[in-house]
>>> print(open('data_23.txt').read())   # compact mmCIF, C-alpha atoms and all ligand atoms
# COMPACT_ATOMS: atom_id res chain seq x y z
CA MET A 1 -19.88 5.13 -6.15
CA TYR A 2 -18.04 2.08 -7.46
CA ASN A 3 -16.03 -0.04 -5.00
CA VAL A 4 -12.71 -1.26 -6.39
CA LEU A 5 -12.15 -3.47 -3.37
CA GLU A 6 -14.76 -5.13 -1.20
CA ALA A 7 -13.79 -7.30 1.75
CA GLU A 8 -16.46 -9.11 3.69
CA ASN A 9 -15.75 -11.00 6.86
CA VAL A 10 -12.22 -11.90 5.79
CA CYS A 11 -10.43 -14.28 8.16
CA LYS A 12 -6.89 -15.58 7.93
CA SER A 13 -5.09 -17.93 10.27
CA TYR A 14 -1.45 -18.94 10.22
CA LEU A 15 -1.35 -22.34 11.98
CA ASN A 16 -2.85 -21.34 15.33
CA LYS A 17 -2.48 -17.54 14.95
CA ARG A 18 -5.61 -15.67 13.85
CA ALA A 19 -4.23 -12.69 11.92
CA LEU A 20 -7.55 -11.51 10.44
CA GLN A 21 -10.82 -12.05 12.27
CA GLY A 22 -13.70 -10.99 10.05
CA ALA A 23 -12.28 -7.86 8.40
CA ASN A 24 -14.77 -5.73 6.44
CA LEU A 25 -13.44 -2.97 4.22
CA THR A 26 -14.33 -1.15 1.02
CA ILE A 27 -12.23 1.11 -1.19
CA GLN A 28 -14.01 3.40 -3.61
CA GLN A 29 -12.69 4.30 -7.03
CA GLY A 30 -10.62 7.50 -6.99
CA LYS A 31 -9.84 7.28 -3.27
CA ILE A 32 -6.66 6.88 -1.26
CA LEU A 33 -7.29 4.85 1.88
CA GLY A 34 -4.92 4.65 4.84
CA LEU A 35 -5.01 1.29 6.62
CA LEU A 36 -3.71 2.06 10.08
CA GLY A 37 -3.01 -0.18 13.06
CA PRO A 38 -0.32 -1.25 15.50
CA ASN A 39 2.33 -3.92 14.88
CA GLY A 40 0.80 -7.32 14.30
CA SER A 41 -2.75 -6.03 13.76
CA GLY A 42 -3.06 -7.73 10.34
CA LYS A 43 -2.30 -4.96 7.83
CA THR A 44 0.28 -6.84 5.76
CA THR A 45 -1.82 -9.99 5.86
CA PHE A 46 -4.80 -8.06 4.49
CA LEU A 47 -2.69 -6.49 1.73
CA LYS A 48 -1.17 -9.85 0.78
CA ILE A 49 -4.66 -11.29 0.35
CA ALA A 50 -5.66 -8.32 -1.82
CA ALA A 51 -2.45 -8.75 -3.86
CA GLY A 52 -3.30 -12.42 -4.44
CA ILE A 53 -0.30 -13.74 -2.50
CA LEU A 54 -2.29 -15.32 0.34
CA HIS A 55 -5.73 -16.89 0.33
CA PRO A 56 -8.22 -16.00 3.05
CA SER A 57 -9.16 -18.87 5.39
CA SER A 58 -12.78 -17.72 5.04
CA GLY A 59 -14.78 -14.70 3.94
CA LYS A 60 -14.72 -12.89 0.63
CA LEU A 61 -12.43 -10.30 -0.91
CA LEU A 62 -13.21 -8.97 -4.39
CA ILE A 63 -11.21 -6.58 -6.55
CA ASP A 64 -13.07 -5.07 -9.48
CA GLY A 65 -15.72 -7.72 -8.75
CA GLN A 66 -13.33 -10.67 -8.96
CA GLU A 67 -11.51 -12.88 -6.48
CA PRO A 68 -7.75 -12.32 -6.40
CA GLY A 69 -6.11 -14.19 -9.29
CA VAL A 70 -4.61 -13.62 -12.72
CA TYR A 71 -7.03 -10.81 -13.67
CA THR A 72 -6.76 -8.89 -10.41
CA LYS A 73 -2.94 -9.16 -10.45
CA SER A 74 -3.02 -7.46 -13.85
CA ILE A 75 -4.81 -4.42 -12.40
CA VAL A 76 -3.15 -4.28 -8.98
CA SER A 77 0.26 -2.69 -8.47
CA TYR A 78 1.69 -3.96 -5.19
CA LEU A 79 4.58 -2.61 -3.18
CA PRO A 80 5.46 -5.30 -0.60
CA ASP A 81 7.26 -4.51 2.63
CA THR A 82 10.00 -6.97 1.67
CA GLU A 83 12.98 -6.85 -0.67
CA TYR A 84 12.35 -8.04 -4.22
CA LEU A 85 14.90 -6.18 -6.32
CA PHE A 86 17.84 -8.24 -7.56
CA LYS A 87 21.21 -7.05 -6.29
CA TRP A 88 22.94 -7.61 -9.65
CA MET A 89 20.60 -5.15 -11.40
CA LYS A 90 21.24 -1.58 -12.35
CA ILE A 91 18.27 0.74 -11.89
CA LYS A 92 17.67 0.74 -15.65
CA ASP A 93 17.58 -3.10 -15.61
CA ALA A 94 14.92 -2.97 -12.90
CA VAL A 95 12.89 -0.61 -15.12
CA GLN A 96 13.30 -3.01 -18.07
CA TYR A 97 12.28 -5.94 -15.85
CA PHE A 98 9.03 -4.19 -14.92
CA LYS A 99 8.45 -3.17 -18.54
CA ASP A 100 8.82 -6.79 -19.70
CA PHE A 101 6.61 -8.07 -16.92
CA TYR A 102 3.72 -5.59 -16.90
CA THR A 103 1.89 -4.49 -20.04
CA ASP A 104 0.55 -1.41 -18.22
CA PHE A 105 4.07 -0.18 -17.37
CA ASP A 106 4.80 3.37 -18.53
CA GLU A 107 8.56 3.61 -19.13
CA LYS A 108 8.48 7.37 -19.75
CA LYS A 109 6.79 7.96 -16.45
CA ALA A 110 9.34 5.69 -14.74
CA PHE A 111 12.30 7.72 -16.05
CA ALA A 112 10.57 10.99 -15.14
CA LEU A 113 9.95 9.70 -11.62
CA LEU A 114 13.57 8.48 -11.34
CA GLU A 115 14.71 11.99 -12.15
CA PHE A 116 12.30 13.40 -9.61
CA MET A 117 13.63 10.97 -6.97
CA LYS A 118 17.19 11.97 -7.96
CA LEU A 119 18.09 8.39 -8.84
CA ASP A 120 20.65 7.64 -11.56
CA ALA A 121 19.47 4.91 -13.96
CA ASN A 122 23.06 3.62 -14.21
CA SER A 123 23.48 3.06 -10.47
CA SER A 124 23.52 -0.54 -9.34
CA VAL A 125 20.81 -1.65 -6.95
CA LYS A 126 23.33 -2.98 -4.43
CA SER A 127 24.89 0.49 -4.11
CA LEU A 128 21.61 2.11 -3.02
CA SER A 129 20.82 3.10 0.55
CA LYS A 130 17.61 1.82 2.19
CA GLY A 131 15.76 5.06 1.44
CA MET A 132 16.99 5.12 -2.16
CA LYS A 133 15.79 1.54 -2.65
CA GLU A 134 12.37 2.55 -1.30
CA LYS A 135 12.28 5.42 -3.78
CA LEU A 136 13.16 3.05 -6.62
CA LYS A 137 10.50 0.51 -5.62
CA LEU A 138 7.91 3.25 -5.35
CA THR A 139 8.92 4.58 -8.78
CA LEU A 140 8.43 1.14 -10.33
CA VAL A 141 5.09 0.50 -8.65
CA LEU A 142 3.68 3.96 -9.44
CA SER A 143 4.75 3.69 -13.09
CA ARG A 144 2.11 1.07 -13.78
CA LYS A 145 -1.32 2.26 -14.91
CA ALA A 146 -3.08 0.15 -12.31
CA LYS A 147 -6.64 0.31 -11.01
CA LEU A 148 -5.49 -0.34 -7.47
CA TYR A 149 -2.13 0.52 -5.90
CA ILE A 150 -1.28 -1.34 -2.72
CA LEU A 151 1.59 0.24 -0.79
CA ASP A 152 2.83 -1.54 2.34
CA GLU A 153 4.88 0.90 4.47
CA PRO A 154 6.17 2.86 1.48
CA LEU A 155 8.16 5.67 3.12
CA GLY A 156 9.66 4.30 6.35
CA GLY A 157 13.30 4.73 5.27
CA VAL A 158 12.85 8.01 3.40
CA ASP A 159 14.01 11.26 5.03
CA PRO A 160 11.30 13.78 6.03
CA THR A 161 11.95 16.36 3.28
CA ALA A 162 12.00 13.76 0.51
CA ARG A 163 8.89 12.19 2.07
CA GLU A 164 6.98 15.43 1.58
CA LYS A 165 8.04 15.66 -2.05
CA ILE A 166 7.15 12.03 -2.72
CA LEU A 167 3.70 12.50 -1.19
CA ASP A 168 3.18 15.46 -3.53
CA ALA A 169 4.33 13.27 -6.43
CA ILE A 170 1.89 10.53 -5.43
CA ILE A 171 -0.99 13.01 -5.39
CA ASN A 172 0.07 14.68 -8.65
CA ASN A 173 0.38 11.35 -10.43
CA PHE A 174 -2.78 9.89 -8.99
CA SER A 175 -5.57 9.36 -11.50
CA GLU A 176 -9.21 9.55 -10.44
CA ASP A 177 -9.77 6.23 -12.25
CA SER A 178 -7.55 4.40 -9.80
CA SER A 179 -7.47 3.81 -6.06
CA MET A 180 -4.80 3.31 -3.45
CA ILE A 181 -4.42 1.58 -0.11
CA ILE A 182 -1.45 2.53 2.05
CA THR A 183 -0.31 1.14 5.37
CA THR A 184 1.97 3.26 7.48
CA HIS A 185 3.07 4.02 11.00
CA LEU A 186 3.93 7.58 9.89
CA VAL A 187 0.33 8.66 10.40
CA ASN A 188 1.15 12.30 11.12
CA ASP A 189 3.31 12.67 8.00
CA ILE A 190 1.06 10.88 5.56
CA GLU A 191 -2.51 11.57 6.73
CA ARG A 192 -2.83 14.60 4.46
CA ILE A 193 -3.08 12.39 1.38
CA PHE A 194 -5.77 10.06 2.76
CA ASP A 195 -9.34 10.46 1.53
CA ASP A 196 -10.48 7.63 3.79
CA VAL A 197 -8.96 5.81 6.73
CA ALA A 198 -9.56 2.42 8.30
CA PHE A 199 -8.26 1.44 11.73
CA ILE A 200 -7.42 -2.23 12.20
CA SER A 201 -7.04 -3.87 15.59
CA ASP A 202 -6.44 -7.59 16.20
CA GLY A 203 -7.48 -8.49 12.67
CA GLU A 204 -10.71 -6.48 12.67
CA ILE A 205 -11.54 -3.12 11.11
CA VAL A 206 -12.74 -1.14 14.10
CA LEU A 207 -13.35 2.18 12.35
CA GLN A 208 -13.63 3.25 8.71
CA GLY A 209 -14.60 6.63 7.36
CA ASN A 210 -13.85 9.73 5.38
CA ALA A 211 -10.72 11.34 6.81
CA GLU A 212 -12.05 14.92 6.68
CA GLU A 213 -15.39 13.97 8.27
CA LEU A 214 -13.59 12.11 11.05
CA ARG A 215 -11.38 15.14 11.72
CA LEU A 216 -14.40 17.44 11.86
CA ASN A 217 -16.61 15.12 13.92
CA LYS A 218 -13.93 14.24 16.46
CA ASN A 219 -12.17 17.60 16.32
CA LYS A 220 -8.87 15.77 16.05
CA SER A 221 -6.25 14.95 13.44
CA ILE A 222 -6.18 11.33 12.25
CA ASP A 223 -2.89 10.97 14.11
CA GLU A 224 -4.51 12.13 17.37
CA LEU A 225 -7.51 9.87 16.78
CA TYR A 226 -5.16 6.95 16.10
CA ARG A 227 -3.33 7.55 19.38
CA GLU A 228 -6.66 7.71 21.24
CA VAL A 229 -7.97 4.46 19.71
CA PHE A 230 -4.74 2.50 20.16
CA GLN A 231 -3.42 3.95 23.43
N1 LIG B 1 3.91 -16.26 8.06
C1 LIG B 1 3.39 -16.14 9.27
N2 LIG B 1 3.31 -17.19 10.12
C2 LIG B 1 2.77 -17.09 11.35
N3 LIG B 1 2.23 -15.94 11.85
C3 LIG B 1 2.27 -14.85 11.05
C4 LIG B 1 2.86 -14.89 9.73
N4 LIG B 1 2.74 -13.66 9.18
C5 LIG B 1 2.13 -12.88 10.10
N5 LIG B 1 1.86 -13.60 11.22
C6 LIG B 1 1.18 -13.10 12.43
O1 LIG B 1 -0.06 -12.55 12.04
C7 LIG B 1 -0.32 -11.34 12.78
C8 LIG B 1 -0.54 -10.19 11.80
O2 LIG B 1 0.69 -9.94 11.12
P1 LIG B 1 0.83 -8.81 9.99
O3 LIG B 1 2.20 -8.94 9.42
O4 LIG B 1 -0.32 -8.92 9.07
O5 LIG B 1 0.69 -7.48 10.88
P2 LIG B 1 0.97 -5.96 10.52
O6 LIG B 1 -0.19 -5.19 11.02
O7 LIG B 1 1.35 -5.82 9.09
O8 LIG B 1 2.23 -5.64 11.44
P3 LIG B 1 3.45 -4.58 11.29
O9 LIG B 1 2.86 -3.21 11.51
O10 LIG B 1 4.38 -4.96 12.39
O11 LIG B 1 4.05 -4.75 9.91
C9 LIG B 1 0.86 -11.15 13.72
O12 LIG B 1 0.51 -11.67 14.99
C10 LIG B 1 1.96 -11.99 13.10
O13 LIG B 1 2.82 -12.50 14.09
>>> encode(input="data_23.txt", output="structure tokens", more="lines below")
Ligand SMILES: Nc1ncnc2c1ncn2[C@@H]1O[C@H](COP(=O)(O)OP(=O)(O)OP(=O)(O)O)[C@@H](O)[C@H]1O
Amino acid sequence: MYNVLEAENVCKSYLNKRALQGANLTIQQGKILGLLGPNGSGKTTFLKIAAGILHPSSGKLLIDGQEPGVYTKSIVSYLPDTEYLFKWMKIKDAVQYFKDFYTDFDEKKAFALLEFMKLDANSSVKSLSKGMKEKLKLTLVLSRKAKLYILDEPLGGVDPTAREKILDAIINNFSEDSSMIITTHLVNDIERIFDDVAFISDGEIVLQGNAEELRLNKNKSIDELYREVFQ
């Protein structure tokens, strides 16, 4: 099986804070991996390195066999946990912005997803609630035909019913040629879409495996296992 992402002994320090301390992780093609860990365990730092926004202090991280850079950014669709939409934009301007920026952007898919998310293309971004903004950002990121989707806390502000529908949409739109890494604290709600999970603690991956095998072997849901590991 081909690994879209391979991280070997990745370390990252911010001044005197060691955020990643030798993280090892692989993501296979066609798989959705949940990267799970408590606040401050290094999830966002890991994702930023994979997205090419931060450089590791040491170690190696390869995406499709290459170090993060211009090529990997062209095949990675990244949803950061921060705000990046411009307030002056209407939703349709944000779609156009992505279309201009990314050659792999599928405008038809974007408008279909907007409809699914019940978002009006003529609404202005500044009028959207937190959950609506999350839905818009997810729409934009999922409308690229990327090899790797990186979603940092994608559904925190979305209400539980919509969350279920969006998870279904993610699975229905997911192509076996691509892969996905998702961080979340909503383990119980989201675990059903994970093929694999990795637990991160103090900048180290302490457990990685197939979600179904872990459930069977430990006789626990991933949420229960998470609570046991991080209690
Ligand atoms: N820019 C920064 N400067 C200094 N320290 C940082 C910076 N960004 C993150 N850190 C520290 O690095 C560690 C890992 O942070 P990171 O944001 O990767 O964690 P996380 O697992 O994503 O947390 P959360 O679940 O709260 O989002 C934390 O101790 C954090 O305080």
>>> residues_near_ligand(input="data_23.txt", ligand="ligand LIG 1 (chain B)", cutoff="12 Å", atoms="all atoms listed in the file", output="VMD selection string")
chain A and resid 11 to 21 35 to 49 53 to 54 80 to 82 151 to 154 156 182 to 186 199 to 205
>>> residues_around(input="data_23.txt", residues="A:Ile32", least_positions_apart="4", cutoff="9 Å", atoms="all atoms listed in the file", output="list of chain:residue names")
A:Ile27, A:Gln28, A:Ser178, A:Ser179, A:Met180, A:Ile181, A:Ile182, A:Ile193, A:Phe194, A:Asp195, A:Asp196, A:Val197
>>> axis_aligned_box(input="data_23.txt", around="stretch 17-35 of chain A", padding_each_side="5 Å", output="AutoDock Vina command-line options")
--center_x -8.6 --center_y -5.0 --center_z 4.0 --size_x 22.3 --size_y 35.0 --size_z 32.0
>>> residues_around(input="data_23.txt", residues="A:Lys108", least_positions_apart="4", cutoff="9 Å", atoms="all atoms listed in the file", output="number ranges by chain")
A: 112-113, 143
>>> closest_residue(input="data_23.txt", among="A:Ala169, A:Phe111, A:Lys90, A:Gly34", to="A:Asp223", atoms="all atoms listed in the file")
A:Gly34
>>> atom_distance(input="data_23.txt", atom1="atom CA of A:Val125", atom2="atom CA of A:Lys87")
5.5 Å
>>> atom_distance(input="data_23.txt", atom1="atom CA of A:Lys130", atom2="atom CA of A:Ala198")
27.9 Å
>>> atom_distance(input="data_23.txt", atom1="atom CA of A:Arg227", atom2="atom CA of A:Gln208")
15.4 Å
>>> closest_residue(input="data_23.txt", among="A:Thr139, A:Ser57, A:Ser74, A:Asn3", to="A:Ala23", atoms="all atoms listed in the file")
A:Ser57
>>> residues_around(input="data_23.txt", residues="A:Pro160", least_positions_apart="2", cutoff="12 Å", atoms="only C-alpha atoms", output="list in words")
Gly131, Leu155, Gly156, Gly157, Val158, Ala162, Arg163, Glu164, Lys165, Ile166, Leu167, Leu186, Asn188, Asp189 and Ile190 of chain A
>>> residues_around(input="data_23.txt", residues="A:Lys73", least_positions_apart="6", cutoff="10 Å", atoms="all atoms listed in the file", output="compact mmCIF listing (two decimals) with C-alpha atoms, keeping the file's coordinate frame")
# COMPACT_ATOMS: atom_id res chain seq x y z
CA ALA A 50 -5.66 -8.32 -1.82
CA ALA A 51 -2.45 -8.75 -3.86
CA GLY A 52 -3.30 -12.42 -4.44
CA ILE A 53 -0.30 -13.74 -2.50
CA ILE A 63 -11.21 -6.58 -6.55
CA TYR A 102 3.72 -5.59 -16.90
CA ALA A 146 -3.08 0.15 -12.31
CA LEU A 148 -5.49 -0.34 -7.47
>>> residues_near_point(input="data_23.txt", point="(-5.0, 19.3, 13.3)", cutoff="12 Å", atoms="all atoms listed in the file", output="ChimeraX atom specification")
/A:188-189,191-192,211-212,214-216,218-225
>>> closest_residue(input="data_23.txt", among="A:Leu5, A:Ile75, A:Ala110, A:Leu207", to="A:Phe98", atoms="all atoms listed in the file")
A:Ala110
>>> closest_residue(input="data_23.txt", among="A:Leu142, A:Ala94, A:Val187, A:Leu136", to="A:Asp106", atoms="only C-alpha atoms")
A:Leu142
>>> closest_residue(input="data_23.txt", among="A:Arg144, A:Asn9, A:Ile170, A:Lys135", to="A:Ser58", atoms="only C-alpha atoms")
A:Asn9
>>> residues_around(input="data_23.txt", residues="A:Met1", least_positions_apart="6", cutoff="12 Å", atoms="all atoms listed in the file", output="list in words")
Thr26, Ile27, Gln28, Gln29, Gly30, Lys31 and Asp177 of chain A
>>> write_last_selection(input="data_23.txt", atoms="C-alpha atoms", output="PDB file, in the coordinates of the input")
ATOM      1  CA  THR A  26     -14.330  -1.150   1.020  1.00  0.00           C
ATOM      2  CA  ILE A  27     -12.230   1.110  -1.190  1.00  0.00           C
ATOM      3  CA  GLN A  28     -14.010   3.400  -3.610  1.00  0.00           C
ATOM      4  CA  GLN A  29     -12.690   4.300  -7.030  1.00  0.00           C
ATOM      5  CA  GLY A  30     -10.620   7.500  -6.990  1.00  0.00           C
ATOM      6  CA  LYS A  31      -9.840   7.280  -3.270  1.00  0.00           C
ATOM      7  CA  ASP A 177      -9.770   6.230 -12.250  1.00  0.00           C
TER       8      ASP A 177
END
